[in-house]
Amino acid sequence: MIQGVHGARERVRSRRGAFMKSAGSLSLLGLGLLLVLYGIHRHRLFDPPPELSFGQKMNPIEIVGERGQTLNLTAGSWHLLISGSHKDLQLAEYLSRLMDASQQGTSLLRPFVLIDDEHETVKEFEFRNFLPFPVHALHSFEHQDLVELGLRGHDRAYALISPGLEVVFASEYLQPNDLRLLLEKHLRIVRRRVSRPLEPGDRLPSVPLSQEAGPVEGPGTDGGGRTWIVFTSQCVTCSLQNQMELLATHQELLGEWSRNRGLSLAVVFSETFDRPDLIAKLDQLKIDRVPIFLAGGPLEGLEDAYLKRSLHGDDVLMVQADREGTVVEIRSFRAWVASLEIAGSGEGVPP
Amino acid sequence: MKNRWTRGPLLASVAVLGLAAAPPLVDSHSRPEQMTSPSRLEVRAIPRSLSPRIGTAWTAGFLGDRLFVLDSRDHQIATQEPGQQWSFFGSIGNAPGELFYPTEMALDPETQQVAVFDSGNQRLQVFDAAMQLVAATRIAAKVFGLSWWHQRRLLIGCPETGALLSVYNPSRGPVGAVGELAQPSELSRLDRGVRPTFRTAINRVRITSTGQDEVWVAFIHLPLVRRYNAAGQLMVERTLELEGSEDLAKYARAVWDLTDRPSSAAYLNIDGVQLPLVIKDITTHPGTGEPVLLLGNDRIAVLGRDAQLQVVAEVVGCNSSFHRMTVHGERLILLTSLSKGSLCEVRMADLSPEAPPPADSGGSADP
């Protein structure tokens with residue numbers, strides 16, 4: 001009996017221990033469950049990847065950002081959704097150029113540009129480039145709202161949505177030329193005018209220039225002729241990578257060649273170059289022997305701002321002008337440098 | 001100029017690769033032959049041979065005399081009959097028949113069908129002679145190389161699948177595979193050898209049909225060419241002799257040793273794997289069915305009398321380097337990487353290993 005009572009006490013103690021253990025486990029389980037539910041609520045952990053695909057019908061939606069900015073998807077307008085990185089600011093800049101250069105078709109277009117960058121950075125870009133549409137920092141909107149809009153599935157997303165709120169094009173990448181083709185196709189935008197390629201005998205285009213680097217001087221203030229190295233809008237990225245290295249390597253040679261002919265040398269970059277990127281590259285490559293200018297408008301006759309192309313084939317050009325600003329010669333910068341190298345090595349006749 | 005190191009890791013690894021991959025019937029040569037400096041061959045621009053509406057002549061081919069140009073930049077196919085105006089098919093978009101960065105095109109002379117790999121939409125589309133869409137199938141992988149094969153099937157270079165070439169029925173999708181991936185032993189000693197992206201990257205190819213149900217396959221990042229028969233068996237494997245071609249040797253070496261990059265090399269960067277182009281394109285000689293290679297340094301290589309691949313000419317002119325080519329009759333048409341409104345051409349007869357230097361060539365020159 002004593003054994004029995006002792007045994008019963010042991011069983012009770014054991015049951016109490018088991019109960020305490022299971023209660024602890026249950027508490028932990030409950031806590032975990034709460035955390036998971038919070039995660040589901042906060043981040044929609046088990047949402048399927050948002051679809052923003054061709055042919056998809058969208059619902060009208062309005063989302064409001066933390067600074068009160070709104071994105072409104074409503075029937076009756078074309079909507080262009082751009083959600084990307086800092087690099088897509090260039091796409092936004094080109095879009096504004098297209099809207100400016102097109103004669104018709106863009107009045108119904110409402111672009112939504114969301115950039116994965118700091119609010120201050122994108123707003124500064126918007127202000128500096130006089131963009132006719134707002135650019136927002138991606139993270140200034142609630143994740144859930146972006147999912148609703150179909151913009152949080154991939155790092156980059158681009159979509160053109162018709163006035164009937166149907167996705168007529170969706171992709172995870174988009175180049176400026178693609179943007180032009182899409183708008184020409186669906187919105188039937190038409191460019192305002194086509195400038196004629198500059199030829200010898202023509203006057204240099206009148207463009208406001210701001211000096212960004214190099215020895216300080218005003219363009220053309222020396223009174224003599226000038227050799228311009230012109231970085232057009234054709235391929236800004238290629239130019240920053242390759243042709244600027246060519247310039248850096250040969251800036252001494254080019255300066256000497258020009259001085260020997262009584263010409264001054266200057267470099268002008270198309271307005272499509274991003275100023276901070278350009279200055280960083282100039283510093284990195286130590287391009288400091290020649291005055292460097294940034295154009296404040298399209299380089300008429302040298303580049304086609306609408307098509308983002310050079311009018312003379314190559315993306316970087318050598319343009320030689322006399323003291324009156326009349327064009328004497330236009331040629332590929334790369335070919336010009338190559339001819340100077342050959343001349344310098346004694347294998348050919350200086351051009 | 002001799003490059004002693006080319007006899008080192010590169011050729012050794014390629015030789016090992018050839019032996020490992022070759023079934024008994026394979027006619028595999030890796031003996032380096034004597035090289036002479038290739039002659040310079042002036043390439044002639046064909047005036048106004050491209051429309052200004054073509055953004056980039058990415059690749060081109062002929063069905064009879066009808067020229068087809070795949071314009072990857074502007075997402076369209078441009079065609080022209082001799083003496084006629086250009087016609088344009090396709091435009092940017094996701095819908096059936098539309099294109100978004102088309103990168104490969106194959107033309108079937110028998111059925112007059114045009115197969116296009118539409119990379120941005122991850123699909124293969126087949127059009128008839130009137131450019132009406134007749135079939136489409138999804139390919140969710142990167143494709144390098146596309147060619148019609150026998151029984152109206154297509155061979156597609158898609159190494160991500162684990163085989164060198166995938167066999168596709170245009171309507172039904174994948175129906176088989178051909179060839180083994182190249183797995184150079186050198187790679188196993190390097191970190192990148194274990195990276196799947198690198199293993200698939202070095203198996204990017206170009207494919208050309210011999211017209212007899214066989215295909216030649218050129219590895220664009222390796223000095224390696226194979227021929228497969230209609231049953232998908234490996235019949236021939238050739239390694240490209242690198243002696244006497246300094247730039248090309250550097251290109252090939254850079255596949256293994258990225259610290260020794262020639263500045264003039266053309267590179268492809270896919271999935272973060274940047275590799276130099278050893279072979280840019282391959283086509284077949286219309287008379288012999290033998291391969292004609294466009295190398296990374298704009299040299300042309302063909303099969304010589306001793307059945308070895310030989311560099312026979314350095315193509316110069318047209319103000320640019322070349323990236324693809326096609327044959328039309330006795331002409332080899334070259335496409336420049338920059339569209340300047342024209343295609344360029346040389347005579348096939350000038351590319352024979354035994355051919356005397358053409359009258360207008362710049363003569364022999366060291367590479």
# chains A, B, ... in the order shown; residues from 1 in each chain; ligands from 1

$ closest_atom_pairs --of "chain A" --to "chain B" --cutoff "12 Å" --atoms "only C-alpha atoms" --output "CSV"
residue,atom,partner,partner_atom,distance
A:Ser53,CA,B:Asn94,CA,9.0
A:Phe54,CA,B:Asn94,CA,6.4
A:Gly55,CA,B:Ala95,CA,8.4
A:Gln56,CA,B:Asn94,CA,11.8
A:Ala159,CA,B:Gly93,CA,10.9
A:Leu160,CA,B:Gly93,CA,10.4
A:Val167,CA,B:Asn94,CA,10.1
A:Val168,CA,B:Gly93,CA,7.8
A:Phe169,CA,B:Gly93,CA,6.0
A:Ala170,CA,B:Asn94,CA,7.4
A:Ser171,CA,B:Gly120,CA,7.8
A:Glu172,CA,B:Gly120,CA,8.8
A:Tyr173,CA,B:Gly120,CA,8.6
A:Leu174,CA,B:Phe100,CA,9.9
A:Gln175,CA,B:Arg73,CA,9.5
A:Pro176,CA,B:Arg73,CA,10.8
A:Asn177,CA,B:Asp74,CA,7.8
A:Asp178,CA,B:Ile92,CA,7.4
A:Leu179,CA,B:Ile92,CA,9.6
A:Arg180,CA,B:Asp74,CA,10.1
A:Leu181,CA,B:Ile92,CA,6.9
A:Leu182,CA,B:Ile92,CA,6.7
A:Leu183,CA,B:Ile92,CA,10.3
A:Glu184,CA,B:Ile92,CA,10.3
A:Lys185,CA,B:Ile92,CA,8.3
A:His186,CA,B:Gly93,CA,10.2
A:Asn242,CA,B:Ser263,CA,10.8
A:Glu245,CA,B:Ser263,CA,12.0
A:Leu307,CA,B:Gly55,CA,10.7
A:Arg309,CA,B:Gly55,CA,10.6
A:Ser310,CA,B:Lys340,CA,11.8
A:Leu311,CA,B:Lys340,CA,11.4
A:His312,CA,B:Lys340,CA,9.9
A:Gly313,CA,B:Lys340,CA,6.9
A:Asp314,CA,B:Leu338,CA,8.9
A:Asp315,CA,B:Leu338,CA,10.8
A:Ser332,CA,B:Asn319,CA,10.7
A:Arg334,CA,B:Asn319,CA,10.9
A:Ala335,CA,B:Asn319,CA,9.0
A:Ala338,CA,B:Asn319,CA,12.0

$ residues_around --residues "Asp116 in chain A" --least-positions-apart "2" --cutoff "8 Å" --atoms "only C-alpha atoms" --output "list in words"
Ser83, Gly84, Ser85, His86, Leu114, Glu118, Ala137, Leu138 and His139 of chain A

$ write_last_selection --atoms "N, CA, C and O atoms" --output "PDB file, in the first residue's frame"
ATOM      1  N   SER A  83       9.651  49.816 -62.888  1.00  0.00           N
ATOM      2  CA  SER A  83      10.143  49.565 -61.537  1.00  0.00           C
ATOM      3  C   SER A  83      11.543  48.988 -61.665  1.00  0.00           C
ATOM      4  O   SER A  83      11.721  47.882 -62.183  1.00  0.00           O
ATOM      5  N   GLY A  84      12.539  49.749 -61.256  1.00  0.00           N
ATOM      6  CA  GLY A  84      13.897  49.269 -61.486  1.00  0.00           C
ATOM      7  C   GLY A  84      14.908  49.910 -60.578  1.00  0.00           C
ATOM      8  O   GLY A  84      14.581  50.468 -59.537  1.00  0.00           O
ATOM      9  N   SER A  85      16.153  49.828 -61.024  1.00  0.00           N
ATOM     10  CA  SER A  85      17.274  50.311 -60.216  1.00  0.00           C
ATOM     11  C   SER A  85      17.642  51.737 -60.637  1.00  0.00           C
ATOM     12  O   SER A  85      16.990  52.335 -61.493  1.00  0.00           O
ATOM     13  N   HIS A  86      18.702  52.232 -60.045  1.00  0.00           N
ATOM     14  CA  HIS A  86      19.226  53.564 -60.350  1.00  0.00           C
ATOM     15  C   HIS A  86      19.454  53.736 -61.858  1.00  0.00           C
ATOM     16  O   HIS A  86      19.249  54.813 -62.407  1.00  0.00           O
ATOM     17  N   LEU A 114       9.259  53.903 -60.508  1.00  0.00           N
ATOM     18  CA  LEU A 114       9.665  53.570 -59.136  1.00  0.00           C
ATOM     19  C   LEU A 114      11.106  53.078 -59.172  1.00  0.00           C
ATOM     20  O   LEU A 114      11.423  52.129 -59.894  1.00  0.00           O
ATOM     21  N   GLU A 118      17.348  55.921 -52.809  1.00  0.00           N
ATOM     22  CA  GLU A 118      16.907  56.854 -51.774  1.00  0.00           C
ATOM     23  C   GLU A 118      15.936  57.884 -52.349  1.00  0.00           C
ATOM     24  O   GLU A 118      16.070  58.304 -53.508  1.00  0.00           O
ATOM     25  N   ALA A 137      10.769  56.803 -54.966  1.00  0.00           N
ATOM     26  CA  ALA A 137      11.592  55.733 -54.389  1.00  0.00           C
ATOM     27  C   ALA A 137      10.684  54.532 -54.141  1.00  0.00           C
ATOM     28  O   ALA A 137       9.600  54.682 -53.573  1.00  0.00           O
ATOM     29  N   LEU A 138      11.159  53.376 -54.565  1.00  0.00           N
ATOM     30  CA  LEU A 138      10.326  52.161 -54.483  1.00  0.00           C
ATOM     31  C   LEU A 138       9.881  51.886 -53.050  1.00  0.00           C
ATOM     32  O   LEU A 138       8.721  51.564 -52.787  1.00  0.00           O
ATOM     33  N   HIS A 139      10.819  52.043 -52.105  1.00  0.00           N
ATOM     34  CA  HIS A 139      10.498  51.641 -50.733  1.00  0.00           C
ATOM     35  C   HIS A 139       9.673  52.681 -49.982  1.00  0.00           C
ATOM     36  O   HIS A 139       9.404  52.524 -48.794  1.00  0.00           O
TER      37      HIS A 139
END

$ atom_distance --atom1 "CA of Pro205 in chain A" --atom2 "CA of Gly297 in chain A"
10.1 Å

$ select_by_dssp --residues "range 37-286 of chain A" --states "alpha helix (DSSP H)" --output "count of residues only"
80

$ residues_around --residues "Arg138 in chain B" --least-positions-apart "2" --cutoff "12 Å" --atoms "only C-alpha atoms" --output "list of chain:residue names"
B:Pro96, B:Val116, B:Phe117, B:Asp118, B:Ser119, B:Gly120, B:Asn121, B:Gln122, B:Arg123, B:Leu124, B:Gln125, B:Val126, B:Ala135, B:Ala136, B:Ala140, B:Ala141, B:Lys142, B:Val143, B:Tyr168, B:Asn169, B:Pro170, B:Ser171, B:Arg172, B:Gly173, B:Pro174

$ atom_distance --atom1 "CA of Glu345 in chain B" --atom2 "CA of Ser72 in chain B"
21.3 Å

$ residues_around --residues "Thr249 in chain A" --least-positions-apart "2" --cutoff "12 Å" --atoms "only C-alpha atoms" --output "ChimeraX atom specification"
/A:242-247,251-255,285-289,337,341

$ closest_residue --among "B:Val178, B:Leu295, B:Ile54, B:Ile156" --to "Leu224 in chain B" --atoms "only C-alpha atoms"
B:Leu295

$ closest_residue --among "B:Ala182, B:Val236, B:Ile282, B:Leu50" --to "Leu146 in chain B" --atoms "only C-alpha atoms"
B:Ile282

$ atom_distance --atom1 "CA of Val215 in chain B" --atom2 "CA of Thr239 in chain B"
16.5 Å

$ residues_around --residues "Leu332 in chain B" --least-positions-apart "5" --cutoff "7 Å" --atoms "only C-alpha atoms" --output "ChimeraX atom specification"
/B:325-327,345-348

$ residues_around --residues "Arg206 in chain B" --least-positions-apart "2" --cutoff "6 Å" --atoms "only C-alpha atoms" --output "list of chain:residue names"
B:Gly145, B:Val217, B:Ala218

$ write_last_selection --atoms "N, CA and C atoms" --output "PDB file, in the first residue's frame"
ATOM      1  N   GLY B 145      22.862  28.961 -80.862  1.00  0.00           N
ATOM      2  CA  GLY B 145      22.930  28.014 -81.957  1.00  0.00           C
ATOM      3  C   GLY B 145      21.569  27.423 -82.258  1.00  0.00           C
ATOM      4  N   VAL B 217      29.145  21.676 -85.560  1.00  0.00           N
ATOM      5  CA  VAL B 217      28.909  22.447 -84.339  1.00  0.00           C
ATOM      6  C   VAL B 217      30.235  23.078 -83.916  1.00  0.00           C
ATOM      7  N   ALA B 218      30.231  24.389 -83.742  1.00  0.00           N
ATOM      8  CA  ALA B 218      31.448  25.089 -83.299  1.00  0.00           C
ATOM      9  C   ALA B 218      31.214  25.646 -81.905  1.00  0.00           C
TER      10      ALA B 218
END
